[in-house]
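J.: Sharing final_17.cif (mmCIF, C-alpha atoms) below.
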data_query
#
loop_
_atom_site.group_PDB
_atom_site.id
_atom_site.type_symbol
_atom_site.label_atom_id
_atom_site.label_comp_id
_atom_site.auth_asym_id
_atom_site.auth_seq_id
_atom_site.Cartn_x
_atom_site.Cartn_y
_atom_site.Cartn_z
ATOM 1 C CA MET A 1 265.004 184.018 309.167
ATOM 2 C CA VAL A 2 268.577 184.727 310.293
ATOM 3 C CA GLY A 3 268.383 182.095 313.034
ATOM 4 C CA ALA A 4 266.968 179.524 310.625
ATOM 5 C CA SER A 5 269.664 180.300 308.052
ATOM 6 C CA THR A 6 272.413 179.883 310.645
ATOM 7 C CA ALA A 7 270.861 176.558 311.627
ATOM 8 C CA LEU A 8 271.005 175.447 307.974
ATOM 9 C CA VAL A 9 274.720 176.320 307.807
ATOM 10 C CA ALA A 10 275.341 174.419 311.060
ATOM 11 C CA LEU A 11 273.370 171.415 309.778
ATOM 12 C CA ALA A 12 275.403 171.393 306.561
ATOM 13 C CA ALA A 13 278.632 171.486 308.603
ATOM 14 C CA ILE A 14 277.418 168.558 310.718
ATOM 15 C CA PHE A 15 276.629 166.586 307.560
ATOM 16 C CA TRP A 16 280.112 167.310 306.186
ATOM 17 C CA GLY A 17 281.634 166.169 309.466
ATOM 18 C CA LEU A 18 279.623 162.945 309.423
ATOM 19 C CA SER A 19 280.634 162.284 305.816
ATOM 20 C CA GLY A 20 284.256 161.900 306.918
ATOM 21 C CA GLY A 21 283.254 159.268 309.434
ATOM 22 C CA ILE A 22 281.078 157.420 306.933
ATOM 23 C CA GLY A 23 283.937 157.462 304.444
ATOM 24 C CA GLY A 24 286.207 156.062 307.153
ATOM 25 C CA ILE A 25 283.817 153.159 307.728
ATOM 26 C CA LEU A 26 283.660 152.370 304.002
ATOM 27 C CA MET A 27 287.426 152.450 303.537
ATOM 28 C CA ALA A 28 287.887 150.275 306.619
ATOM 29 C CA ASP A 29 285.699 147.752 304.753
ATOM 30 C CA GLY A 30 288.146 147.815 301.842
ATOM 31 C CA TRP A 31 286.537 150.324 299.488
ATOM 32 C CA ASN A 32 288.868 152.412 297.333
ATOM 33 C CA PRO A 33 289.015 156.120 298.367
ATOM 34 C CA PHE A 34 288.438 157.189 294.755
ATOM 35 C CA VAL A 35 285.334 154.994 294.507
ATOM 36 C CA VAL A 36 284.019 156.510 297.746
ATOM 37 C CA SER A 37 284.720 160.006 296.406
ATOM 38 C CA LEU A 38 283.098 159.197 293.042
ATOM 39 C CA TYR A 39 279.834 158.082 294.631
ATOM 40 C CA ARG A 40 279.801 161.054 296.980
ATOM 41 C CA GLY A 41 280.091 163.414 294.009
ATOM 42 C CA ALA A 42 277.741 161.492 291.696
ATOM 43 C CA ILE A 43 274.899 161.468 294.219
ATOM 44 C CA GLY A 44 275.590 165.119 294.955
ATOM 45 C CA LEU A 45 275.269 165.801 291.216
ATOM 46 C CA LEU A 46 271.774 164.293 291.187
ATOM 47 C CA PHE A 47 270.721 166.612 294.023
ATOM 48 C CA VAL A 48 271.999 169.821 292.455
ATOM 49 C CA LEU A 49 270.536 168.878 289.054
ATOM 50 C CA VAL A 50 267.113 168.578 290.679
ATOM 51 C CA TRP A 51 267.719 171.946 292.373
ATOM 52 C CA LEU A 52 268.649 173.438 289.001
ATOM 53 C CA MET A 53 265.494 172.055 287.369
ATOM 54 C CA LEU A 54 263.338 173.482 290.155
ATOM 55 C CA ARG A 55 265.115 176.871 290.052
ATOM 56 C CA PRO A 56 266.316 177.360 286.440
ATOM 57 C CA HIS A 57 266.004 181.172 286.474
ATOM 58 C CA GLY A 58 269.304 183.028 285.998
ATOM 59 C CA SER A 59 271.347 179.850 285.571
ATOM 60 C CA GLY A 60 273.823 181.496 283.174
ATOM 61 C CA LEU A 61 274.449 178.191 281.384
ATOM 62 C CA SER A 62 274.894 180.020 278.094
ATOM 63 C CA ARG A 63 277.947 181.897 279.408
ATOM 64 C CA GLY A 64 281.399 180.535 278.655
ATOM 65 C CA ARG A 65 283.003 182.034 281.768
ATOM 66 C CA LEU A 66 280.487 180.225 283.974
ATOM 67 C CA TRP A 67 281.512 176.905 282.439
ATOM 68 C CA PHE A 68 285.232 177.655 282.693
ATOM 69 C CA TRP A 69 285.264 178.712 286.335
ATOM 70 C CA SER A 70 282.746 176.036 287.330
ATOM 71 C CA ALA A 71 285.018 173.427 285.742
ATOM 72 C CA ILE A 72 287.914 174.778 287.818
ATOM 73 C CA ALA A 73 285.693 174.488 290.897
ATOM 74 C CA GLY A 74 284.893 170.907 289.869
ATOM 75 C CA ILE A 75 288.567 169.983 289.658
ATOM 76 C CA GLY A 76 289.024 171.507 293.099
ATOM 77 C CA VAL A 77 286.155 169.617 294.708
ATOM 78 C CA ALA A 78 287.287 166.364 293.023
ATOM 79 C CA GLY A 79 290.716 166.804 294.600
ATOM 80 C CA ASN A 80 289.164 167.803 297.906
ATOM 81 C CA PHE A 81 286.995 164.677 298.173
ATOM 82 C CA SER A 82 289.749 162.332 296.985
ATOM 83 C CA PHE A 83 292.611 163.693 299.080
ATOM 84 C CA TYR A 84 290.342 163.950 302.131
ATOM 85 C CA PHE A 85 289.454 160.262 301.986
ATOM 86 C CA LEU A 86 293.054 159.302 301.174
ATOM 87 C CA SER A 87 294.117 161.220 304.280
ATOM 88 C CA ILE A 88 291.548 159.360 306.363
ATOM 89 C CA ALA A 89 292.671 156.013 304.907
ATOM 90 C CA HIS A 90 296.306 156.748 305.838
ATOM 91 C CA GLY A 91 295.685 158.551 309.121
ATOM 92 C CA SER A 92 292.559 159.467 311.053
ATOM 93 C CA VAL A 93 289.312 161.331 310.521
ATOM 94 C CA ALA A 94 290.228 164.025 313.068
ATOM 95 C CA VAL A 95 293.612 164.824 311.504
ATOM 96 C CA ALA A 96 292.238 164.770 307.943
ATOM 97 C CA ALA A 97 289.288 167.038 308.774
ATOM 98 C CA THR A 98 291.431 169.545 310.656
ATOM 99 C CA LEU A 99 294.101 169.715 307.935
ATOM 100 C CA MET A 100 291.377 170.288 305.342
ATOM 101 C CA TYR A 101 290.049 173.112 307.521
ATOM 102 C CA CYS A 102 293.309 174.943 306.722
ATOM 103 C CA ALA A 103 291.899 175.804 303.271
ATOM 104 C CA PRO A 104 291.533 179.547 304.065
ATOM 105 C CA VAL A 105 295.278 179.701 304.758
ATOM 106 C CA PHE A 106 295.969 178.431 301.241
ATOM 107 C CA VAL A 107 293.457 180.971 299.908
ATOM 108 C CA TYR A 108 295.397 183.749 301.605
ATOM 109 C CA LEU A 109 298.771 182.527 300.357
ATOM 110 C CA VAL A 110 297.481 182.322 296.774
ATOM 111 C CA SER A 111 295.770 185.701 297.171
ATOM 112 C CA PHE A 112 299.054 187.225 298.385
ATOM 113 C CA ALA A 113 300.900 185.767 295.400
ATOM 114 C CA LEU A 114 298.283 187.037 292.920
ATOM 115 C CA LYS A 115 298.040 190.393 294.744
ATOM 116 C CA LEU A 116 294.329 189.861 295.400
ATOM 117 C CA GLU A 117 294.858 190.394 299.141
ATOM 118 C CA SER A 118 297.189 192.723 301.003
ATOM 119 C CA PRO A 119 299.411 190.856 303.489
ATOM 120 C CA THR A 120 299.171 192.255 307.008
ATOM 121 C CA VAL A 121 300.817 191.401 310.324
ATOM 122 C CA PRO A 122 297.642 189.770 311.780
ATOM 123 C CA LYS A 123 297.260 187.584 308.696
ATOM 124 C CA TRP A 124 300.891 186.433 308.728
ATOM 125 C CA ALA A 125 300.692 185.842 312.479
ATOM 126 C CA ALA A 126 297.577 183.718 312.017
ATOM 127 C CA ILE A 127 299.242 181.686 309.279
ATOM 128 C CA ALA A 128 302.264 181.115 311.549
ATOM 129 C CA VAL A 129 300.034 179.898 314.388
ATOM 130 C CA VAL A 130 298.241 177.526 312.008
ATOM 131 C CA MET A 131 301.626 176.118 310.950
ATOM 132 C CA VAL A 132 302.477 175.490 314.616
ATOM 133 C CA GLY A 133 299.102 173.802 315.017
ATOM 134 C CA ILE A 134 299.795 171.561 312.023
ATOM 135 C CA ILE A 135 303.155 170.542 313.512
ATOM 136 C CA LEU A 136 301.510 169.621 316.816
ATOM 137 C CA LEU A 137 298.555 167.865 315.182
ATOM 138 C CA THR A 138 300.635 165.766 312.799
ATOM 139 C CA GLN A 139 303.486 165.177 315.289
ATOM 140 C CA ILE A 140 306.054 165.503 312.503
ATOM 141 C CA TYR A 141 308.637 166.313 315.190
ATOM 142 C CA ASP A 142 308.232 162.772 316.576
ATOM 143 C CA ILE A 143 309.547 160.187 314.117
ATOM 144 C CA GLY A 144 308.110 157.354 316.166
ATOM 145 C CA ALA A 145 304.620 158.800 316.451
ATOM 146 C CA GLY A 146 301.953 156.308 315.435
ATOM 147 C CA GLY A 147 298.669 156.842 313.644
ATOM 148 C CA VAL A 148 299.825 159.704 311.396
ATOM 149 C CA THR A 149 301.703 158.900 308.179
ATOM 150 C CA PRO A 150 303.399 161.199 305.650
ATOM 151 C CA MET A 151 300.756 160.145 303.107
ATOM 152 C CA GLY A 152 297.974 161.053 305.527
ATOM 153 C CA VAL A 153 299.492 164.470 306.278
ATOM 154 C CA GLY A 154 300.264 165.257 302.647
ATOM 155 C CA ALA A 155 296.815 164.186 301.442
ATOM 156 C CA GLY A 156 295.127 166.217 304.189
ATOM 157 C CA LEU A 157 297.010 169.366 303.196
ATOM 158 C CA LEU A 158 296.274 168.725 299.515
ATOM 159 C CA ALA A 159 292.596 168.374 300.422
ATOM 160 C CA GLY A 160 292.754 171.873 301.902
ATOM 161 C CA LEU A 161 294.605 173.192 298.848
ATOM 162 C CA SER A 162 292.044 171.570 296.551
ATOM 163 C CA TYR A 163 289.222 173.160 298.494
ATOM 164 C CA ALA A 164 290.962 176.512 298.072
ATOM 165 C CA ILE A 165 290.864 175.912 294.294
ATOM 166 C CA PHE A 166 287.141 175.181 294.586
ATOM 167 C CA ILE A 167 286.670 178.419 296.531
ATOM 168 C CA PHE A 168 288.397 180.461 293.832
ATOM 169 C CA GLY A 169 286.502 178.700 291.046
ATOM 170 C CA PHE A 170 283.153 179.212 292.751
ATOM 171 C CA LYS A 171 283.987 182.852 293.532
ATOM 172 C CA TYR A 172 284.781 183.739 289.920
ATOM 173 C CA ALA A 173 281.867 181.705 288.537
ATOM 174 C CA ALA A 174 279.304 183.283 290.890
ATOM 175 C CA PRO A 175 278.841 186.582 288.936
ATOM 176 C CA HIS A 176 277.982 184.620 285.780
ATOM 177 C CA GLY A 177 275.271 182.243 287.001
ATOM 178 C CA SER A 178 273.312 180.640 289.824
ATOM 179 C CA PRO A 179 274.859 178.491 292.583
ATOM 180 C CA GLN A 180 272.888 175.459 291.447
ATOM 181 C CA ALA A 181 274.230 175.810 287.891
ATOM 182 C CA ILE A 182 277.810 176.198 289.167
ATOM 183 C CA LEU A 183 277.512 173.148 291.416
ATOM 184 C CA SER A 184 275.905 171.092 288.629
ATOM 185 C CA ILE A 185 278.849 171.752 286.320
ATOM 186 C CA ALA A 186 281.363 171.282 289.142
ATOM 187 C CA PHE A 187 279.977 167.904 290.216
ATOM 188 C CA ALA A 188 279.707 166.759 286.588
ATOM 189 C CA VAL A 189 283.405 167.566 286.134
ATOM 190 C CA LEU A 190 284.150 165.744 289.398
ATOM 191 C CA VAL A 191 282.488 162.582 288.094
ATOM 192 C CA MET A 192 284.431 162.746 284.822
ATOM 193 C CA VAL A 193 287.735 163.329 286.636
ATOM 194 C CA LEU A 194 287.293 160.545 289.196
ATOM 195 C CA ILE A 195 286.124 157.855 286.779
ATOM 196 C CA LEU A 196 289.738 157.363 285.638
ATOM 197 C CA PRO A 197 291.462 156.679 289.004
ATOM 198 C CA ALA A 198 288.473 154.827 290.494
ATOM 199 C CA ASP A 199 288.418 151.031 290.516
ATOM 200 C CA VAL A 200 285.736 150.251 287.905
ATOM 201 C CA ASP A 201 285.013 146.774 289.267
ATOM 202 C CA GLN A 202 284.550 148.172 292.769
ATOM 203 C CA ALA A 203 282.382 151.009 291.465
ATOM 204 C CA ILE A 204 280.038 148.490 289.828
ATOM 205 C CA ALA A 205 280.115 146.200 292.868
ATOM 206 C CA VAL A 206 278.779 149.023 295.078
ATOM 207 C CA LEU A 207 275.323 148.659 293.516
ATOM 208 C CA SER A 208 274.906 145.112 294.822
ATOM 209 C CA SER A 209 276.923 145.517 298.008
ATOM 210 C CA LYS A 210 275.576 145.455 301.540
ATOM 211 C CA ASP A 211 277.372 148.783 302.028
ATOM 212 C CA TRP A 212 275.276 150.683 299.489
ATOM 213 C CA PRO A 213 273.233 152.440 302.257
ATOM 214 C CA PHE A 214 276.500 153.988 303.512
ATOM 215 C CA PHE A 215 277.342 155.178 299.995
ATOM 216 C CA ALA A 216 273.845 156.633 299.660
ATOM 217 C CA ALA A 217 274.116 158.400 303.025
ATOM 218 C CA LEU A 218 277.559 159.719 302.101
ATOM 219 C CA GLY A 219 276.280 161.206 298.842
ATOM 220 C CA VAL A 220 273.069 162.624 300.288
ATOM 221 C CA PHE A 221 274.565 164.161 303.418
ATOM 222 C CA GLY A 222 278.146 164.730 302.259
ATOM 223 C CA ALA A 223 277.506 166.387 298.904
ATOM 224 C CA GLY A 224 273.860 166.729 297.895
ATOM 225 C CA LEU A 225 271.762 167.977 300.775
ATOM 226 C CA SER A 226 274.658 169.631 302.616
ATOM 227 C CA PHE A 227 275.718 171.904 299.733
ATOM 228 C CA VAL A 228 272.107 172.932 299.061
ATOM 229 C CA LEU A 229 271.498 173.744 302.735
ATOM 230 C CA TYR A 230 274.796 175.628 303.003
ATOM 231 C CA ILE A 231 274.171 177.828 299.948
ATOM 232 C CA ILE A 232 270.606 178.611 301.047
ATOM 233 C CA GLY A 233 271.750 179.304 304.609
ATOM 234 C CA LEU A 234 274.478 181.716 303.474
ATOM 235 C CA ASN A 235 271.837 183.990 301.921
ATOM 236 C CA HIS A 236 270.850 185.289 305.360
ATOM 237 C CA THR A 237 273.950 184.454 307.420
ATOM 238 C CA ALA A 238 276.819 186.893 307.940
ATOM 239 C CA PRO A 239 280.179 185.529 306.736
ATOM 240 C CA ALA A 240 281.653 185.932 310.232
ATOM 241 C CA VAL A 241 278.856 183.844 311.738
ATOM 242 C CA ALA A 242 279.195 181.230 308.986
ATOM 243 C CA SER A 243 282.929 180.991 309.705
ATOM 244 C CA ILE A 244 282.303 180.263 313.376
ATOM 245 C CA VAL A 245 279.491 177.821 312.712
ATOM 246 C CA ALA A 246 281.697 175.968 310.185
ATOM 247 C CA MET A 247 283.847 174.805 313.125
ATOM 248 C CA VAL A 248 281.111 172.232 313.711
ATOM 249 C CA GLU A 249 282.457 170.208 310.767
ATOM 250 C CA PRO A 250 285.938 169.216 312.038
ATOM 251 C CA VAL A 251 284.612 168.888 315.587
ATOM 252 C CA THR A 252 281.861 166.509 314.404
ATOM 253 C CA ALA A 253 284.339 164.531 312.288
ATOM 254 C CA SER A 254 286.777 164.281 315.200
ATOM 255 C CA LEU A 255 284.105 163.099 317.631
ATOM 256 C CA PHE A 256 282.942 160.510 315.092
ATOM 257 C CA GLY A 257 286.503 159.226 314.717
ATOM 258 C CA VAL A 258 287.094 158.988 318.465
ATOM 259 C CA VAL A 259 283.692 157.630 319.538
ATOM 260 C CA ILE A 260 282.677 155.429 316.589
ATOM 261 C CA LEU A 261 285.986 154.462 314.962
ATOM 262 C CA ASN A 262 287.976 154.262 318.234
ATOM 263 C CA GLN A 263 290.693 156.577 316.930
ATOM 264 C CA TYR A 264 293.029 158.209 319.442
ATOM 265 C CA LEU A 265 294.410 161.733 319.734
ATOM 266 C CA ALA A 266 297.319 162.665 322.013
ATOM 267 C CA GLY A 267 297.176 165.788 324.165
ATOM 268 C CA THR A 268 299.561 167.707 321.876
ATOM 269 C CA GLN A 269 297.418 166.759 318.867
ATOM 270 C CA ILE A 270 294.308 168.126 320.559
ATOM 271 C CA LEU A 271 296.216 171.341 321.327
ATOM 272 C CA GLY A 272 297.254 171.581 317.663
ATOM 273 C CA MET A 273 293.678 171.040 316.557
ATOM 274 C CA VAL A 274 292.424 173.790 318.856
ATOM 275 C CA LEU A 275 295.103 176.202 317.579
ATOM 276 C CA ILE A 276 294.118 175.531 313.973
ATOM 277 C CA LEU A 277 290.349 175.743 314.461
ATOM 278 C CA VAL A 278 290.400 178.878 316.600
ATOM 279 C CA THR A 279 292.979 180.673 314.425
ATOM 280 C CA VAL A 280 291.360 179.849 311.074
ATOM 281 C CA THR A 281 287.954 180.875 312.378
ATOM 282 C CA SER A 282 289.348 184.117 313.819
ATOM 283 C CA LEU A 283 291.124 184.808 310.531
ATOM 284 C CA SER A 284 287.879 184.334 308.601
ATOM 285 C CA VAL A 285 285.947 186.539 311.038
ATOM 286 C CA TYR A 286 288.668 189.216 310.799
ATOM 287 C CA THR A 287 288.415 189.188 307.013
ATOM 288 C CA SER A 288 284.619 189.202 307.067
ATOM 289 C CA SER A 289 284.561 192.257 309.343
ATOM 290 C CA ALA A 290 286.908 194.134 307.017
ATOM 291 C CA GLN A 291 285.235 193.192 303.734
ATOM 292 C CA PRO A 292 282.419 190.881 302.595
ATOM 293 C CA PRO A 293 284.125 187.988 300.736
ATOM 294 C CA SER A 294 282.266 184.977 302.135
ATOM 295 C CA TYR A 295 284.421 182.736 299.910
ATOM 296 C CA LEU A 296 287.146 182.988 302.564
ATOM 297 C CA SER A 297 285.003 181.071 305.026
ATOM 298 C CA PRO A 298 286.311 177.587 305.831
ATOM 299 C CA ARG A 299 283.319 176.204 303.968
#
Could you render the structure as structure tokens?
T.:
Amino acid sequence: MVGASTALVALAAIFWGLSGGIGGILMADGWNPFVVSLYRGAIGLLFVLVWLMLRPHGSGLSRGRLWFWSAIAGIGVAGNFSFYFLSIAHGSVAVAATLMYCAPVFVYLVSFALKLESPTVPKWAAIAVVMVGIILLTQIYDIGAGGVTPMGVGAGLLAGLSYAIFIFGFKYAAPHGSPQAILSIAFAVLVMVLILPADVDQAIAVLSSKDWPFFAALGVFGAGLSFVLYIIGLNHTAPAVASIVAMVEPVTASLFGVVILNQYLAGTQILGMVLILVTVTSLSVYTSSAQPPSYLSPR
């Protein structure tokens, strides 16, 4: 059971990694990042609604706090999807995925500010190393560096911050209802939030476009099936193990960008990526060994 659950978490991480590459293909074809994000969330909503109908017990839908915190989670995941694809559109899949993987660092910084976590030397050291990794990955020290733009870097970091908001929302909603109910509300909020910035004409055109299979794959693997598999897998997977397995996501996204999209990473960027992935994973494992908050996992 434990091995199967870990495999489900790994499969979900692979799907999330592939979703970045699929989004990159769609945006290279001229599709608006908000339209791509909207379809990813809308198809994900259909999946979790089916899950909720099949497992309605203990949904908690009558509780106001569930709706409030799930709505916060929905705003977070809407920002995460949108900023992630904006980062890809203005940079590369590898850089966007790795910057988004910094979400636990934002969780710690917010937790320090709200006095939910006690700052320690190892935690501050890990955050400092991640900052060094971000500098190397984004090459902000090299004004003439190509391939990475300020918009791409900023959107990637905001994607991580948005995911941190989703983590907090999901964490505080969890005691009041089931995961499928929380995700149903969150994805519904995502759809409502993204309808405004999305290009309506493009959104309608998707239905008759030759690219609709990519949109379908993005929604199924990037939001629907992946979230269901991840939640189920976490039931029998230790947070420390889940944190390590989650590294599959940015690695998969990076390989997709390099192999399929012909994107290039310099040696210093690869070093920065390694620093970020190893440090964030170690930070999550360190936290998991000290206490059981799985919400601090990268995913």
J.: Assuming the chain letters and numbering stay as they are in my file, what does the PyMOL selection byres ((chain A and resi 164-178) around 7) actually select? List them as a list of chain:residue names.
T.: A:Gly58, A:Ser59, A:Gly60, A:Leu61, A:Arg63, A:Arg65, A:Leu66, A:Trp69, A:Ser70, A:Ile72, A:Ala73, A:Gly74, A:Gly76, A:Val77, A:Ala103, A:Pro104, A:Phe106, A:Val107, A:Gly160, A:Leu161, A:Ser162, A:Tyr163, A:Pro179, A:Gln180, A:Ala181, A:Ile182, A:Tyr295
J.: For each of A:Val129, A:Val36, A:Met247, A:Val50, take the minimum atom-to-atom distance to A:Leu86, counting all atoms listed in the file, then give the residue where this is smallest.
T.: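 Looking at the shortest contact to A:Leu86, the residue is A:Val36.
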J.: Care to translate the PyMOL selection byres ((chain A and resi 47) around 12) into actual residues of this file, as a PyMOL selection string?
T.: chain A and resi 40-46+48-54+180-181+183-184+187-188+216+219-229
J.: Can you tell me which residues surround stretch 22-35 of chain A at a distance of at most 9 Å, considering all atoms listed in the file, apart from same-chain residues fewer than 4 positions away, and format the answer as a PyMOL selection string?
T.: chain A and resi 18+39-40+81-86+88-89+92-93+194-195+197-200+202-203+206+211+214-215+217-218+256-257+261
J.: Atom CA of A:Gln139 and atom CA of A:Val248, how far apart in Å?
T.: 23.5 Å
J.: Translate the PyMOL selection byres ((chain A and resi 236) around 8) into a concrete residue list for this structure, as a ChimeraX atom specification.
T.: /A:1-2,5-6,232-235,237-238
J.: For a quick check of understanding, using only C-alpha atoms, which of A:Tyr230, A:Val285, A:Ala253, A:Gly267 has the smallest distance to A:Leu11?
T.: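 Smallest separation from A:Leu11 among the options: A:Tyr230.
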J.: Considering all atoms listed in the file, state which residue in the set A:Ala242, A:Val191, A:Ala96, A:His90 is at the smallest distance from A:Ser37.
T.: A:Val191
J.: As AutoDock Vina command-line options, what would the box around stretch 53-56 of chain A look like: edges along x, y and z, 6 Å added on every side, centre and edge lengths in Å to one decimal?
T.:
--center_x 264.8 --center_y 174.7 --center_z 288.3 --size_x 15.0 --size_y 17.3 --size_z 15.7
J.: Between A:Ser284, A:Thr279, A:Thr252, A:Ser118, which has the minimum distance to A:Ser19 (counting all atoms listed in the file)?
T.: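 For A:Ser19, the nearest of the candidates is A:Thr252.
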J.: Here is a test: counting only C-alpha atoms, which residue of A:Ser254, A:Thr149, A:Asn262, A:Ser111 is nearest to A:Thr98?
T.: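 Between A:Ser254, A:Thr149, A:Asn262, A:Ser111, the residue approaching A:Thr98 most closely is A:Ser254.
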J.: Quick one, how far is atom CA of A:Met273 from atom CA of A:Val121?
T.: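 Answer for the atom CA of A:Met273 to atom CA of A:Val121 separation: 22.5 Å.
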J.: To one decimal place in Å, what is the distance between atom CA of A:Ala78 and atom CA of A:Gly20?
T.: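 One can read the atom CA of A:Ala78 to atom CA of A:Gly20 distance as 14.9 Å.
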J.: Between A:Met100, A:Val280, A:Val193, A:Leu116, which is the closest to A:Trp16 once you count all atoms listed in the file?
T.: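 Of A:Met100, A:Val280, A:Val193, A:Leu116, the one nearest A:Trp16, counting all atoms listed in the file, is A:Met100.
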J.: Working from the structure I just supplied, which lacks atoms in stretch 118-134 of chain A, can you model N, CA and C atoms there and output them as a CSV table (one decimal), keeping the file's coordinate frame?
T.:
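That gives us result-v1.csv:
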chain,number,residue,atom,x,y,z
A,118,SER,N,296.0,192.0,300.5
A,118,SER,CA,297.2,192.7,301.0
A,118,SER,C,297.7,192.0,302.3
A,119,PRO,N,298.9,191.5,302.3
A,119,PRO,CA,299.4,190.9,303.5
A,119,PRO,C,299.5,191.8,304.6
A,120,THR,N,299.1,191.4,305.8
A,120,THR,CA,299.2,192.3,307.0
A,120,THR,C,299.8,191.4,308.1
A,121,VAL,N,300.2,192.1,309.2
A,121,VAL,CA,300.8,191.4,310.3
A,121,VAL,C,299.9,190.4,311.0
A,122,PRO,N,298.6,190.8,311.2
A,122,PRO,CA,297.6,189.8,311.8
A,122,PRO,C,297.5,188.5,310.9
A,123,LYS,N,297.4,188.7,309.6
A,123,LYS,CA,297.3,187.6,308.7
A,123,LYS,C,298.5,186.7,308.7
A,124,TRP,N,299.7,187.3,308.7
A,124,TRP,CA,300.9,186.4,308.7
A,124,TRP,C,301.0,185.7,310.1
A,125,ALA,N,300.6,186.4,311.1
A,125,ALA,CA,300.7,185.8,312.5
A,125,ALA,C,299.7,184.7,312.6
A,126,ALA,N,298.6,184.8,312.0
A,126,ALA,CA,297.6,183.7,312.0
A,126,ALA,C,298.1,182.5,311.2
A,127,ILE,N,298.7,182.8,310.1
A,127,ILE,CA,299.2,181.7,309.3
A,127,ILE,C,300.4,181.0,310.0
A,128,ALA,N,301.2,181.7,310.8
A,128,ALA,CA,302.3,181.1,311.5
A,128,ALA,C,301.7,180.2,312.7
A,129,VAL,N,300.6,180.7,313.3
A,129,VAL,CA,300.0,179.9,314.4
A,129,VAL,C,299.4,178.6,313.8
A,130,VAL,N,298.8,178.7,312.6
A,130,VAL,CA,298.2,177.5,312.0
A,130,VAL,C,299.4,176.5,311.7
A,131,MET,N,300.5,177.0,311.2
A,131,MET,CA,301.6,176.1,311.0
A,131,MET,C,302.1,175.4,312.2
A,132,VAL,N,302.1,176.1,313.3
A,132,VAL,CA,302.5,175.5,314.6
A,132,VAL,C,301.4,174.4,315.0
A,133,GLY,N,300.2,174.8,314.7
A,133,GLY,CA,299.1,173.8,315.0
A,133,GLY,C,299.2,172.5,314.2
A,134,ILE,N,299.6,172.7,312.9
A,134,ILE,CA,299.8,171.6,312.0
A,134,ILE,C,300.9,170.7,312.5
